[in-house]
$ cat upload.pdb   # PDB, N, CA and C atoms
ATOM      1  N   MET G   1       3.404 -10.883 -10.982
ATOM      2  CA  MET G   1       2.987  -9.927  -9.977
ATOM      3  C   MET G   1       1.467  -9.864  -9.952
ATOM      4  N   SER G   2       0.936  -9.673  -8.793
ATOM      5  CA  SER G   2      -0.496  -9.596  -8.580
ATOM      6  C   SER G   2      -1.085  -8.372  -9.280
ATOM      7  N   LYS G   3      -2.155  -8.592 -10.017
ATOM      8  CA  LYS G   3      -2.833  -7.470 -10.687
ATOM      9  C   LYS G   3      -3.376  -6.489  -9.634
ATOM     10  N   TYR G   4      -3.843  -7.032  -8.531
ATOM     11  CA  TYR G   4      -4.370  -6.198  -7.445
ATOM     12  C   TYR G   4      -3.291  -5.255  -6.927
ATOM     13  N   ILE G   5      -2.103  -5.798  -6.639
ATOM     14  CA  ILE G   5      -0.994  -4.983  -6.118
ATOM     15  C   ILE G   5      -0.563  -3.952  -7.156
ATOM     16  N   GLU G   6      -0.518  -4.349  -8.418
ATOM     17  CA  GLU G   6      -0.148  -3.408  -9.484
ATOM     18  C   GLU G   6      -1.112  -2.231  -9.535
ATOM     19  N   GLU G   7      -2.407  -2.500  -9.418
ATOM     20  CA  GLU G   7      -3.405  -1.427  -9.438
ATOM     21  C   GLU G   7      -3.242  -0.490  -8.242
ATOM     22  N   VAL G   8      -3.024  -1.056  -7.065
ATOM     23  CA  VAL G   8      -2.849  -0.231  -5.861
ATOM     24  C   VAL G   8      -1.617   0.663  -6.015
ATOM     25  N   LYS G   9      -0.504   0.097  -6.483
ATOM     26  CA  LYS G   9       0.726   0.878  -6.661
ATOM     27  C   LYS G   9       0.516   2.002  -7.664
ATOM     28  N   SER G  10      -0.135   1.701  -8.763
ATOM     29  CA  SER G  10      -0.395   2.706  -9.795
ATOM     30  C   SER G  10      -1.231   3.863  -9.241
ATOM     31  N   LEU G  11      -2.268   3.538  -8.504
ATOM     32  CA  LEU G  11      -3.124   4.571  -7.911
ATOM     33  C   LEU G  11      -2.372   5.383  -6.860
ATOM     34  N   LEU G  12      -1.545   4.730  -6.059
ATOM     35  CA  LEU G  12      -0.784   5.443  -5.030
ATOM     36  C   LEU G  12       0.250   6.381  -5.636
ATOM     37  N   ARG G  13       0.911   5.958  -6.702
ATOM     38  CA  ARG G  13       1.899   6.829  -7.356
ATOM     39  C   ARG G  13       1.248   8.133  -7.809
ATOM     40  N   ALA G  14       0.005   8.046  -8.259
ATOM     41  CA  ALA G  14      -0.712   9.234  -8.726
ATOM     42  C   ALA G  14      -1.182  10.116  -7.568
ATOM     43  N   ARG G  15      -1.404   9.537  -6.401
ATOM     44  CA  ARG G  15      -2.004  10.275  -5.286
ATOM     45  C   ARG G  15      -1.036  10.712  -4.199
ATOM     46  N   LEU G  16       0.127  10.081  -4.116
ATOM     47  CA  LEU G  16       1.071  10.394  -3.037
ATOM     48  C   LEU G  16       2.308  11.097  -3.586
ATOM     49  N   SER G  17       2.329  12.405  -3.510
ATOM     50  CA  SER G  17       3.537  13.111  -3.927
ATOM     51  C   SER G  17       4.473  13.213  -2.726
ATOM     52  N   GLY G  18       5.773  13.074  -2.981
ATOM     53  CA  GLY G  18       6.750  13.124  -1.910
ATOM     54  C   GLY G  18       7.054  11.773  -1.306
ATOM     55  N   TYR G  19       6.364  10.740  -1.747
ATOM     56  CA  TYR G  19       6.577   9.375  -1.274
ATOM     57  C   TYR G  19       7.031   8.518  -2.451
ATOM     58  N   SER G  20       7.764   7.461  -2.149
ATOM     59  CA  SER G  20       8.195   6.513  -3.176
ATOM     60  C   SER G  20       7.550   5.157  -2.911
ATOM     61  N   ILE G  21       7.344   4.420  -3.983
ATOM     62  CA  ILE G  21       6.863   3.047  -3.895
ATOM     63  C   ILE G  21       8.058   2.154  -4.235
ATOM     64  N   VAL G  22       8.470   1.323  -3.296
ATOM     65  CA  VAL G  22       9.633   0.458  -3.483
ATOM     66  C   VAL G  22       9.169  -0.998  -3.486
ATOM     67  N   GLU G  23       9.436  -1.699  -4.590
ATOM     68  CA  GLU G  23       9.066  -3.109  -4.686
ATOM     69  C   GLU G  23      10.084  -3.947  -3.937
ATOM     70  N   LYS G  24       9.600  -4.813  -3.058
ATOM     71  CA  LYS G  24      10.460  -5.725  -2.312
ATOM     72  C   LYS G  24      10.420  -7.121  -2.918
ATOM     73  N   SER G  25       9.295  -7.494  -3.483
ATOM     74  CA  SER G  25       9.117  -8.775  -4.171
ATOM     75  C   SER G  25       7.875  -8.613  -5.056
ATOM     76  N   PRO G  26       7.533  -9.621  -5.843
ATOM     77  CA  PRO G  26       6.344  -9.482  -6.691
ATOM     78  C   PRO G  26       5.043  -9.255  -5.922
ATOM     79  N   SER G  27       5.009  -9.621  -4.659
ATOM     80  CA  SER G  27       3.767  -9.459  -3.903
ATOM     81  C   SER G  27       3.899  -8.514  -2.707
ATOM     82  N   VAL G  28       5.031  -7.807  -2.602
ATOM     83  CA  VAL G  28       5.263  -6.910  -1.465
ATOM     84  C   VAL G  28       5.867  -5.604  -1.967
ATOM     85  N   PHE G  29       5.322  -4.477  -1.460
ATOM     86  CA  PHE G  29       5.954  -3.190  -1.714
ATOM     87  C   PHE G  29       5.896  -2.346  -0.456
ATOM     88  N   GLN G  30       6.747  -1.330  -0.417
ATOM     89  CA  GLN G  30       6.781  -0.419   0.722
ATOM     90  C   GLN G  30       6.522   1.002   0.253
ATOM     91  N   ILE G  31       5.911   1.772   1.127
ATOM     92  CA  ILE G  31       5.743   3.206   0.907
ATOM     93  C   ILE G  31       6.839   3.878   1.718
ATOM     94  N   VAL G  32       7.678   4.650   1.018
ATOM     95  CA  VAL G  32       8.891   5.200   1.610
ATOM     96  C   VAL G  32       8.900   6.711   1.452
ATOM     97  N   LYS G  33       9.359   7.383   2.506
ATOM     98  CA  LYS G  33       9.588   8.828   2.434
ATOM     99  C   LYS G  33      11.009   9.060   2.919
ATOM    100  N   GLY G  34      11.822   9.690   2.074
ATOM    101  CA  GLY G  34      13.234   9.833   2.399
ATOM    102  C   GLY G  34      13.867   8.459   2.380
ATOM    103  N   ASN G  35      14.468   8.066   3.476
ATOM    104  CA  ASN G  35      15.052   6.728   3.598
ATOM    105  C   ASN G  35      14.279   5.854   4.576
ATOM    106  N   THR G  36      13.078   6.277   4.947
ATOM    107  CA  THR G  36      12.301   5.577   5.958
ATOM    108  C   THR G  36      11.093   4.881   5.340
ATOM    109  N   ALA G  37      10.998   3.566   5.566
ATOM    110  CA  ALA G  37       9.824   2.808   5.126
ATOM    111  C   ALA G  37       8.699   3.071   6.119
ATOM    112  N   LEU G  38       7.593   3.616   5.638
ATOM    113  CA  LEU G  38       6.476   3.970   6.505
ATOM    114  C   LEU G  38       5.391   2.902   6.536
ATOM    115  N   ALA G  39       5.292   2.130   5.459
ATOM    116  CA  ALA G  39       4.267   1.079   5.394
ATOM    117  C   ALA G  39       4.739  -0.033   4.474
ATOM    118  N   THR G  40       4.319  -1.243   4.801
ATOM    119  CA  THR G  40       4.576  -2.403   3.957
ATOM    120  C   THR G  40       3.233  -2.988   3.562
ATOM    121  N   VAL G  41       3.071  -3.252   2.264
ATOM    122  CA  VAL G  41       1.826  -3.809   1.736
ATOM    123  C   VAL G  41       2.155  -5.174   1.136
ATOM    124  N   LYS G  42       1.453  -6.218   1.623
ATOM    125  CA  LYS G  42       1.713  -7.595   1.196
ATOM    126  C   LYS G  42       0.443  -8.219   0.641
ATOM    127  N   ASP G  43       0.559  -8.836  -0.511
ATOM    128  CA  ASP G  43      -0.547  -9.599  -1.088
ATOM    129  C   ASP G  43      -0.397 -11.039  -0.607
ATOM    130  N   GLN G  44      -1.376 -11.518   0.143
ATOM    131  CA  GLN G  44      -1.332 -12.891   0.651
ATOM    132  C   GLN G  44      -2.613 -13.614   0.262
ATOM    133  N   GLY G  45      -2.682 -14.005  -0.984
ATOM    134  CA  GLY G  45      -3.844 -14.763  -1.462
ATOM    135  C   GLY G  45      -5.107 -13.944  -1.490
ATOM    136  N   GLU G  46      -6.045 -14.267  -0.620
ATOM    137  CA  GLU G  46      -7.326 -13.561  -0.592
ATOM    138  C   GLU G  46      -7.281 -12.289   0.236
ATOM    139  N   ASN G  47      -6.164 -12.021   0.889
ATOM    140  CA  ASN G  47      -6.037 -10.856   1.758
ATOM    141  C   ASN G  47      -4.859  -9.974   1.351
ATOM    142  N   VAL G  48      -4.954  -8.718   1.733
ATOM    143  CA  VAL G  48      -3.842  -7.783   1.633
ATOM    144  C   VAL G  48      -3.524  -7.371   3.063
ATOM    145  N   ILE G  49      -2.254  -7.475   3.435
ATOM    146  CA  ILE G  49      -1.805  -7.120   4.774
ATOM    147  C   ILE G  49      -1.026  -5.807   4.674
ATOM    148  N   ILE G  50      -1.368  -4.857   5.513
ATOM    149  CA  ILE G  50      -0.649  -3.587   5.568
ATOM    150  C   ILE G  50      -0.067  -3.457   6.971
ATOM    151  N   VAL G  51       1.223  -3.167   7.035
ATOM    152  CA  VAL G  51       1.886  -2.980   8.319
ATOM    153  C   VAL G  51       2.349  -1.534   8.394
ATOM    154  N   ILE G  52       1.836  -0.800   9.391
ATOM    155  CA  ILE G  52       2.206   0.595   9.641
ATOM    156  C   ILE G  52       2.545   0.717  11.116
ATOM    157  N   LYS G  53       3.747   1.178  11.398
ATOM    158  CA  LYS G  53       4.216   1.353  12.780
ATOM    159  C   LYS G  53       4.028   0.088  13.614
ATOM    160  N   GLY G  54       4.327  -1.061  13.027
ATOM    161  CA  GLY G  54       4.230  -2.320  13.749
ATOM    162  C   GLY G  54       2.824  -2.869  13.892
ATOM    163  N   GLN G  55       1.845  -2.119  13.464
ATOM    164  CA  GLN G  55       0.444  -2.537  13.554
ATOM    165  C   GLN G  55       0.022  -3.164  12.224
ATOM    166  N   GLU G  56      -0.599  -4.330  12.287
ATOM    167  CA  GLU G  56      -0.995  -5.051  11.081
ATOM    168  C   GLU G  56      -2.484  -4.866  10.816
ATOM    169  N   TYR G  57      -2.800  -4.519   9.565
ATOM    170  CA  TYR G  57      -4.188  -4.357   9.131
ATOM    171  C   TYR G  57      -4.437  -5.338   7.993
ATOM    172  N   ARG G  58      -5.534  -6.065   8.062
ATOM    173  CA  ARG G  58      -5.842  -7.104   7.079
ATOM    174  C   ARG G  58      -7.105  -6.686   6.311
ATOM    175  N   TYR G  59      -7.005  -6.698   4.987
ATOM    176  CA  TYR G  59      -8.133  -6.364   4.121
ATOM    177  C   TYR G  59      -8.431  -7.546   3.213
ATOM    178  N   ASP G  60      -9.692  -7.914   3.112
ATOM    179  CA  ASP G  60     -10.127  -8.970   2.205
ATOM    180  C   ASP G  60     -10.237  -8.367   0.803
ATOM    181  N   LYS G  61      -9.544  -8.953  -0.165
ATOM    182  CA  LYS G  61      -9.527  -8.396  -1.523
ATOM    183  C   LYS G  61     -10.892  -8.478  -2.197
ATOM    184  N   PHE G  62     -11.741  -9.395  -1.776
ATOM    185  CA  PHE G  62     -13.062  -9.499  -2.372
ATOM    186  C   PHE G  62     -13.911  -8.270  -2.023
ATOM    187  N   TYR G  63     -13.788  -7.794  -0.792
ATOM    188  CA  TYR G  63     -14.592  -6.658  -0.335
ATOM    189  C   TYR G  63     -13.883  -5.318  -0.508
ATOM    190  N   THR G  64     -12.569  -5.313  -0.559
ATOM    191  CA  THR G  64     -11.795  -4.076  -0.648
ATOM    192  C   THR G  64     -11.167  -3.986  -2.029
ATOM    193  N   LYS G  65     -11.729  -3.158  -2.880
ATOM    194  CA  LYS G  65     -11.212  -2.986  -4.232
ATOM    195  C   LYS G  65      -9.928  -2.149  -4.182
ATOM    196  N   PRO G  66      -9.065  -2.263  -5.194
ATOM    197  CA  PRO G  66      -7.807  -1.514  -5.197
ATOM    198  C   PRO G  66      -8.000  -0.007  -5.016
ATOM    199  N   GLU G  67      -9.056   0.553  -5.600
ATOM    200  CA  GLU G  67      -9.318   1.987  -5.475
ATOM    201  C   GLU G  67      -9.568   2.369  -4.018
ATOM    202  N   HIS G  68     -10.319   1.528  -3.316
ATOM    203  CA  HIS G  68     -10.632   1.810  -1.917
ATOM    204  C   HIS G  68      -9.365   1.741  -1.065
ATOM    205  N   LEU G  69      -8.573   0.701  -1.254
ATOM    206  CA  LEU G  69      -7.342   0.553  -0.471
ATOM    207  C   LEU G  69      -6.380   1.708  -0.747
ATOM    208  N   ALA G  70      -6.258   2.113  -2.002
ATOM    209  CA  ALA G  70      -5.392   3.248  -2.351
ATOM    210  C   ALA G  70      -5.896   4.527  -1.691
ATOM    211  N   ASN G  71      -7.219   4.722  -1.648
ATOM    212  CA  ASN G  71      -7.787   5.899  -0.979
ATOM    213  C   ASN G  71      -7.482   5.892   0.513
ATOM    214  N   VAL G  72      -7.625   4.733   1.143
ATOM    215  CA  VAL G  72      -7.343   4.620   2.573
ATOM    216  C   VAL G  72      -5.886   4.985   2.859
ATOM    217  N   LEU G  73      -4.970   4.421   2.087
ATOM    218  CA  LEU G  73      -3.536   4.704   2.301
ATOM    219  C   LEU G  73      -3.199   6.156   1.981
ATOM    220  N   ALA G  74      -3.717   6.676   0.880
ATOM    221  CA  ALA G  74      -3.439   8.066   0.508
ATOM    222  C   ALA G  74      -3.964   9.021   1.580
ATOM    223  N   ASN G  75      -5.169   8.779   2.074
ATOM    224  CA  ASN G  75      -5.722   9.647   3.129
ATOM    225  C   ASN G  75      -4.891   9.560   4.403
ATOM    226  N   TYR G  76      -4.461   8.360   4.761
ATOM    227  CA  TYR G  76      -3.638   8.196   5.961
ATOM    228  C   TYR G  76      -2.355   9.012   5.846
ATOM    229  N   PHE G  77      -1.654   8.881   4.730
ATOM    230  CA  PHE G  77      -0.374   9.574   4.604
ATOM    231  C   PHE G  77      -0.523  11.073   4.394
ATOM    232  N   LYS G  78      -1.619  11.511   3.830
ATOM    233  CA  LYS G  78      -1.868  12.956   3.737
ATOM    234  C   LYS G  78      -2.138  13.540   5.123
ATOM    235  N   GLN G  79      -2.839  12.789   5.985
ATOM    236  CA  GLN G  79      -3.101  13.225   7.354
ATOM    237  C   GLN G  79      -1.814  13.213   8.180
ATOM    238  N   ALA G  80      -0.976  12.170   7.964
ATOM    239  CA  ALA G  80       0.252  12.018   8.735
ATOM    240  C   ALA G  80       1.285  13.070   8.357
ATOM    241  N   GLY G  81       1.124  13.616   7.168
ATOM    242  CA  GLY G  81       1.986  14.715   6.782
ATOM    243  C   GLY G  81       3.225  14.332   6.119
TER     244      GLY G  81
END
$ encode --input "upload.pdb" --output "structure tokens"
Amino acid sequence: MSKYIEEVKSLLRARLSGYSIVEKSPSVFQIVKGNTALATVKDQGENVIIVIKGQEYRYDKFYTKPEHLANVLANYFKQAG
């Protein structure tokens, strides 16, 4: 499993109460609330792909550290309620 993905998951578990982190494969996990998958996070080599509501967001792992990505996701889901 990607060390980057492991760090993001660990940080999200600490910051997102009421949400679950579900592993789909060693390089893919979903953020779930209830029985609904709200986001999919995929590690694809030098990039991390996040899919939310059918919209794809691409982050370069060199410029986006795990802490930053976890903050972005945590802030999004706190705003979304």
$ atom_distance --input "upload.pdb" --atom1 "CA of Arg58 in chain G" --atom2 "CA of Gly34 in chain G"
25.9 Å
$ axis_aligned_box --input "upload.pdb" --around "range 31-44 of chain G" --padding-each-side "6 Å" --output "lines of an AutoDock Vina configuration file"
center_x = 6.2
center_y = -1.9
center_z = 2.7
size_x = 29.7
size_y = 35.4
size_z = 19.6
$ residues_around --input "upload.pdb" --residues "Phe29 in chain G" --least-positions-apart "2" --cutoff "12 Å" --atoms "only C-alpha atoms" --output "CSV table (one decimal) with N, CA and C atoms, keeping the file's coordinate frame"
chain,number,residue,atom,x,y,z
G,1,MET,N,3.4,-10.9,-11.0
G,1,MET,CA,3.0,-9.9,-10.0
G,1,MET,C,1.5,-9.9,-10.0
G,2,SER,N,0.9,-9.7,-8.8
G,2,SER,CA,-0.5,-9.6,-8.6
G,2,SER,C,-1.1,-8.4,-9.3
G,5,ILE,N,-2.1,-5.8,-6.6
G,5,ILE,CA,-1.0,-5.0,-6.1
G,5,ILE,C,-0.6,-4.0,-7.2
G,6,GLU,N,-0.5,-4.3,-8.4
G,6,GLU,CA,-0.1,-3.4,-9.5
G,6,GLU,C,-1.1,-2.2,-9.5
G,8,VAL,N,-3.0,-1.1,-7.1
G,8,VAL,CA,-2.8,-0.2,-5.9
G,8,VAL,C,-1.6,0.7,-6.0
G,9,LYS,N,-0.5,0.1,-6.5
G,9,LYS,CA,0.7,0.9,-6.7
G,9,LYS,C,0.5,2.0,-7.7
G,10,SER,N,-0.1,1.7,-8.8
G,10,SER,CA,-0.4,2.7,-9.8
G,10,SER,C,-1.2,3.9,-9.2
G,12,LEU,N,-1.5,4.7,-6.1
G,12,LEU,CA,-0.8,5.4,-5.0
G,12,LEU,C,0.2,6.4,-5.6
G,20,SER,N,7.8,7.5,-2.1
G,20,SER,CA,8.2,6.5,-3.2
G,20,SER,C,7.6,5.2,-2.9
G,21,ILE,N,7.3,4.4,-4.0
G,21,ILE,CA,6.9,3.0,-3.9
G,21,ILE,C,8.1,2.2,-4.2
G,22,VAL,N,8.5,1.3,-3.3
G,22,VAL,CA,9.6,0.5,-3.5
G,22,VAL,C,9.2,-1.0,-3.5
G,23,GLU,N,9.4,-1.7,-4.6
G,23,GLU,CA,9.1,-3.1,-4.7
G,23,GLU,C,10.1,-3.9,-3.9
G,24,LYS,N,9.6,-4.8,-3.1
G,24,LYS,CA,10.5,-5.7,-2.3
G,24,LYS,C,10.4,-7.1,-2.9
G,25,SER,N,9.3,-7.5,-3.5
G,25,SER,CA,9.1,-8.8,-4.2
G,25,SER,C,7.9,-8.6,-5.1
G,26,PRO,N,7.5,-9.6,-5.8
G,26,PRO,CA,6.3,-9.5,-6.7
G,26,PRO,C,5.0,-9.3,-5.9
G,27,SER,N,5.0,-9.6,-4.7
G,27,SER,CA,3.8,-9.5,-3.9
G,27,SER,C,3.9,-8.5,-2.7
G,31,ILE,N,5.9,1.8,1.1
G,31,ILE,CA,5.7,3.2,0.9
G,31,ILE,C,6.8,3.9,1.7
G,32,VAL,N,7.7,4.6,1.0
G,32,VAL,CA,8.9,5.2,1.6
G,32,VAL,C,8.9,6.7,1.5
G,37,ALA,N,11.0,3.6,5.6
G,37,ALA,CA,9.8,2.8,5.1
G,37,ALA,C,8.7,3.1,6.1
G,38,LEU,N,7.6,3.6,5.6
G,38,LEU,CA,6.5,4.0,6.5
G,38,LEU,C,5.4,2.9,6.5
G,39,ALA,N,5.3,2.1,5.5
G,39,ALA,CA,4.3,1.1,5.4
G,39,ALA,C,4.7,0.0,4.5
G,40,THR,N,4.3,-1.2,4.8
G,40,THR,CA,4.6,-2.4,4.0
G,40,THR,C,3.2,-3.0,3.6
G,41,VAL,N,3.1,-3.3,2.3
G,41,VAL,CA,1.8,-3.8,1.7
G,41,VAL,C,2.2,-5.2,1.1
G,42,LYS,N,1.5,-6.2,1.6
G,42,LYS,CA,1.7,-7.6,1.2
G,42,LYS,C,0.4,-8.2,0.6
G,43,ASP,N,0.6,-8.8,-0.5
G,43,ASP,CA,-0.5,-9.6,-1.1
G,43,ASP,C,-0.4,-11.0,-0.6
G,48,VAL,N,-5.0,-8.7,1.7
G,48,VAL,CA,-3.8,-7.8,1.6
G,48,VAL,C,-3.5,-7.4,3.1
G,49,ILE,N,-2.3,-7.5,3.4
G,49,ILE,CA,-1.8,-7.1,4.8
G,49,ILE,C,-1.0,-5.8,4.7
G,50,ILE,N,-1.4,-4.9,5.5
G,50,ILE,CA,-0.6,-3.6,5.6
G,50,ILE,C,-0.1,-3.5,7.0
G,51,VAL,N,1.2,-3.2,7.0
G,51,VAL,CA,1.9,-3.0,8.3
G,51,VAL,C,2.3,-1.5,8.4
$ select_by_dssp --input "upload.pdb" --residues "chain G" --states "strand (DSSP E or B)" --output "PDB file with N, CA and C atoms, keeping the file's coordinate frame"
ATOM      1  N   SER G  20       7.764   7.461  -2.149  1.00  0.00           N
ATOM      2  CA  SER G  20       8.195   6.513  -3.176  1.00  0.00           C
ATOM      3  C   SER G  20       7.550   5.157  -2.911  1.00  0.00           C
ATOM      4  N   ILE G  21       7.344   4.420  -3.983  1.00  0.00           N
ATOM      5  CA  ILE G  21       6.863   3.047  -3.895  1.00  0.00           C
ATOM      6  C   ILE G  21       8.058   2.154  -4.235  1.00  0.00           C
ATOM      7  N   VAL G  22       8.470   1.323  -3.296  1.00  0.00           N
ATOM      8  CA  VAL G  22       9.633   0.458  -3.483  1.00  0.00           C
ATOM      9  C   VAL G  22       9.169  -0.998  -3.486  1.00  0.00           C
ATOM     10  N   GLU G  23       9.436  -1.699  -4.590  1.00  0.00           N
ATOM     11  CA  GLU G  23       9.066  -3.109  -4.686  1.00  0.00           C
ATOM     12  C   GLU G  23      10.084  -3.947  -3.937  1.00  0.00           C
ATOM     13  N   LYS G  24       9.600  -4.813  -3.058  1.00  0.00           N
ATOM     14  CA  LYS G  24      10.460  -5.725  -2.312  1.00  0.00           C
ATOM     15  C   LYS G  24      10.420  -7.121  -2.918  1.00  0.00           C
ATOM     16  N   SER G  25       9.295  -7.494  -3.483  1.00  0.00           N
ATOM     17  CA  SER G  25       9.117  -8.775  -4.171  1.00  0.00           C
ATOM     18  C   SER G  25       7.875  -8.613  -5.056  1.00  0.00           C
ATOM     19  N   VAL G  28       5.031  -7.807  -2.602  1.00  0.00           N
ATOM     20  CA  VAL G  28       5.263  -6.910  -1.465  1.00  0.00           C
ATOM     21  C   VAL G  28       5.867  -5.604  -1.967  1.00  0.00           C
ATOM     22  N   PHE G  29       5.322  -4.477  -1.460  1.00  0.00           N
ATOM     23  CA  PHE G  29       5.954  -3.190  -1.714  1.00  0.00           C
ATOM     24  C   PHE G  29       5.896  -2.346  -0.456  1.00  0.00           C
ATOM     25  N   GLN G  30       6.747  -1.330  -0.417  1.00  0.00           N
ATOM     26  CA  GLN G  30       6.781  -0.419   0.722  1.00  0.00           C
ATOM     27  C   GLN G  30       6.522   1.002   0.253  1.00  0.00           C
ATOM     28  N   ILE G  31       5.911   1.772   1.127  1.00  0.00           N
ATOM     29  CA  ILE G  31       5.743   3.206   0.907  1.00  0.00           C
ATOM     30  C   ILE G  31       6.839   3.878   1.718  1.00  0.00           C
ATOM     31  N   VAL G  32       7.678   4.650   1.018  1.00  0.00           N
ATOM     32  CA  VAL G  32       8.891   5.200   1.610  1.00  0.00           C
ATOM     33  C   VAL G  32       8.900   6.711   1.452  1.00  0.00           C
ATOM     34  N   LYS G  33       9.359   7.383   2.506  1.00  0.00           N
ATOM     35  CA  LYS G  33       9.588   8.828   2.434  1.00  0.00           C
ATOM     36  C   LYS G  33      11.009   9.060   2.919  1.00  0.00           C
ATOM     37  N   THR G  36      13.078   6.277   4.947  1.00  0.00           N
ATOM     38  CA  THR G  36      12.301   5.577   5.958  1.00  0.00           C
ATOM     39  C   THR G  36      11.093   4.881   5.340  1.00  0.00           C
ATOM     40  N   ALA G  37      10.998   3.566   5.566  1.00  0.00           N
ATOM     41  CA  ALA G  37       9.824   2.808   5.126  1.00  0.00           C
ATOM     42  C   ALA G  37       8.699   3.071   6.119  1.00  0.00           C
ATOM     43  N   LEU G  38       7.593   3.616   5.638  1.00  0.00           N
ATOM     44  CA  LEU G  38       6.476   3.970   6.505  1.00  0.00           C
ATOM     45  C   LEU G  38       5.391   2.902   6.536  1.00  0.00           C
ATOM     46  N   ALA G  39       5.292   2.130   5.459  1.00  0.00           N
ATOM     47  CA  ALA G  39       4.267   1.079   5.394  1.00  0.00           C
ATOM     48  C   ALA G  39       4.739  -0.033   4.474  1.00  0.00           C
ATOM     49  N   THR G  40       4.319  -1.243   4.801  1.00  0.00           N
ATOM     50  CA  THR G  40       4.576  -2.403   3.957  1.00  0.00           C
ATOM     51  C   THR G  40       3.233  -2.988   3.562  1.00  0.00           C
ATOM     52  N   VAL G  41       3.071  -3.252   2.264  1.00  0.00           N
ATOM     53  CA  VAL G  41       1.826  -3.809   1.736  1.00  0.00           C
ATOM     54  C   VAL G  41       2.155  -5.174   1.136  1.00  0.00           C
ATOM     55  N   LYS G  42       1.453  -6.218   1.623  1.00  0.00           N
ATOM     56  CA  LYS G  42       1.713  -7.595   1.196  1.00  0.00           C
ATOM     57  C   LYS G  42       0.443  -8.219   0.641  1.00  0.00           C
ATOM     58  N   ASP G  43       0.559  -8.836  -0.511  1.00  0.00           N
ATOM     59  CA  ASP G  43      -0.547  -9.599  -1.088  1.00  0.00           C
ATOM     60  C   ASP G  43      -0.397 -11.039  -0.607  1.00  0.00           C
ATOM     61  N   GLN G  44      -1.376 -11.518   0.143  1.00  0.00           N
ATOM     62  CA  GLN G  44      -1.332 -12.891   0.651  1.00  0.00           C
ATOM     63  C   GLN G  44      -2.613 -13.614   0.262  1.00  0.00           C
ATOM     64  N   ASN G  47      -6.164 -12.021   0.889  1.00  0.00           N
ATOM     65  CA  ASN G  47      -6.037 -10.856   1.758  1.00  0.00           C
ATOM     66  C   ASN G  47      -4.859  -9.974   1.351  1.00  0.00           C
ATOM     67  N   VAL G  48      -4.954  -8.718   1.733  1.00  0.00           N
ATOM     68  CA  VAL G  48      -3.842  -7.783   1.633  1.00  0.00           C
ATOM     69  C   VAL G  48      -3.524  -7.371   3.063  1.00  0.00           C
ATOM     70  N   ILE G  49      -2.254  -7.475   3.435  1.00  0.00           N
ATOM     71  CA  ILE G  49      -1.805  -7.120   4.774  1.00  0.00           C
ATOM     72  C   ILE G  49      -1.026  -5.807   4.674  1.00  0.00           C
ATOM     73  N   ILE G  50      -1.368  -4.857   5.513  1.00  0.00           N
ATOM     74  CA  ILE G  50      -0.649  -3.587   5.568  1.00  0.00           C
ATOM     75  C   ILE G  50      -0.067  -3.457   6.971  1.00  0.00           C
ATOM     76  N   VAL G  51       1.223  -3.167   7.035  1.00  0.00           N
ATOM     77  CA  VAL G  51       1.886  -2.980   8.319  1.00  0.00           C
ATOM     78  C   VAL G  51       2.349  -1.534   8.394  1.00  0.00           C
ATOM     79  N   ILE G  52       1.836  -0.800   9.391  1.00  0.00           N
ATOM     80  CA  ILE G  52       2.206   0.595   9.641  1.00  0.00           C
ATOM     81  C   ILE G  52       2.545   0.717  11.116  1.00  0.00           C
ATOM     82  N   GLN G  55       1.845  -2.119  13.464  1.00  0.00           N
ATOM     83  CA  GLN G  55       0.444  -2.537  13.554  1.00  0.00           C
ATOM     84  C   GLN G  55       0.022  -3.164  12.224  1.00  0.00           C
ATOM     85  N   GLU G  56      -0.599  -4.330  12.287  1.00  0.00           N
ATOM     86  CA  GLU G  56      -0.995  -5.051  11.081  1.00  0.00           C
ATOM     87  C   GLU G  56      -2.484  -4.866  10.816  1.00  0.00           C
ATOM     88  N   TYR G  57      -2.800  -4.519   9.565  1.00  0.00           N
ATOM     89  CA  TYR G  57      -4.188  -4.357   9.131  1.00  0.00           C
ATOM     90  C   TYR G  57      -4.437  -5.338   7.993  1.00  0.00           C
ATOM     91  N   ARG G  58      -5.534  -6.065   8.062  1.00  0.00           N
ATOM     92  CA  ARG G  58      -5.842  -7.104   7.079  1.00  0.00           C
ATOM     93  C   ARG G  58      -7.105  -6.686   6.311  1.00  0.00           C
ATOM     94  N   TYR G  59      -7.005  -6.698   4.987  1.00  0.00           N
ATOM     95  CA  TYR G  59      -8.133  -6.364   4.121  1.00  0.00           C
ATOM     96  C   TYR G  59      -8.431  -7.546   3.213  1.00  0.00           C
ATOM     97  N   ASP G  60      -9.692  -7.914   3.112  1.00  0.00           N
ATOM     98  CA  ASP G  60     -10.127  -8.970   2.205  1.00  0.00           C
ATOM     99  C   ASP G  60     -10.237  -8.367   0.803  1.00  0.00           C
TER     100      ASP G  60
END
$ atom_distance --input "upload.pdb" --atom1 "atom N of Gln44 in chain G" --atom2 "atom N of Tyr76 in chain G"
20.6 Å
$ closest_residue --input "upload.pdb" --among "G:Ala80, G:Leu16, G:Leu11, G:Val28" --to "Pro66 in chain G" --atoms "only C-alpha atoms"
G:Leu11
$ atom_distance --input "upload.pdb" --atom1 "CA of Gly18 in chain G" --atom2 "CA of Ile52 in chain G"
17.6 Å
$ closest_residue --input "upload.pdb" --among "G:Tyr19, G:Asn75, G:Lys61, G:Gln30" --to "Lys3 in chain G" --atoms "only C-alpha atoms"
G:Lys61
$ select_by_dssp --input "upload.pdb" --residues "chain G" --states "alpha helix (DSSP H)" --output "ChimeraX atom specification"
/G:3-15,66-80
$ closest_residue --input "upload.pdb" --among "G:Ala74, G:Lys65, G:Lys53, G:Gln79" --to "Arg15 in chain G" --atoms "only C-alpha atoms"
G:Ala74
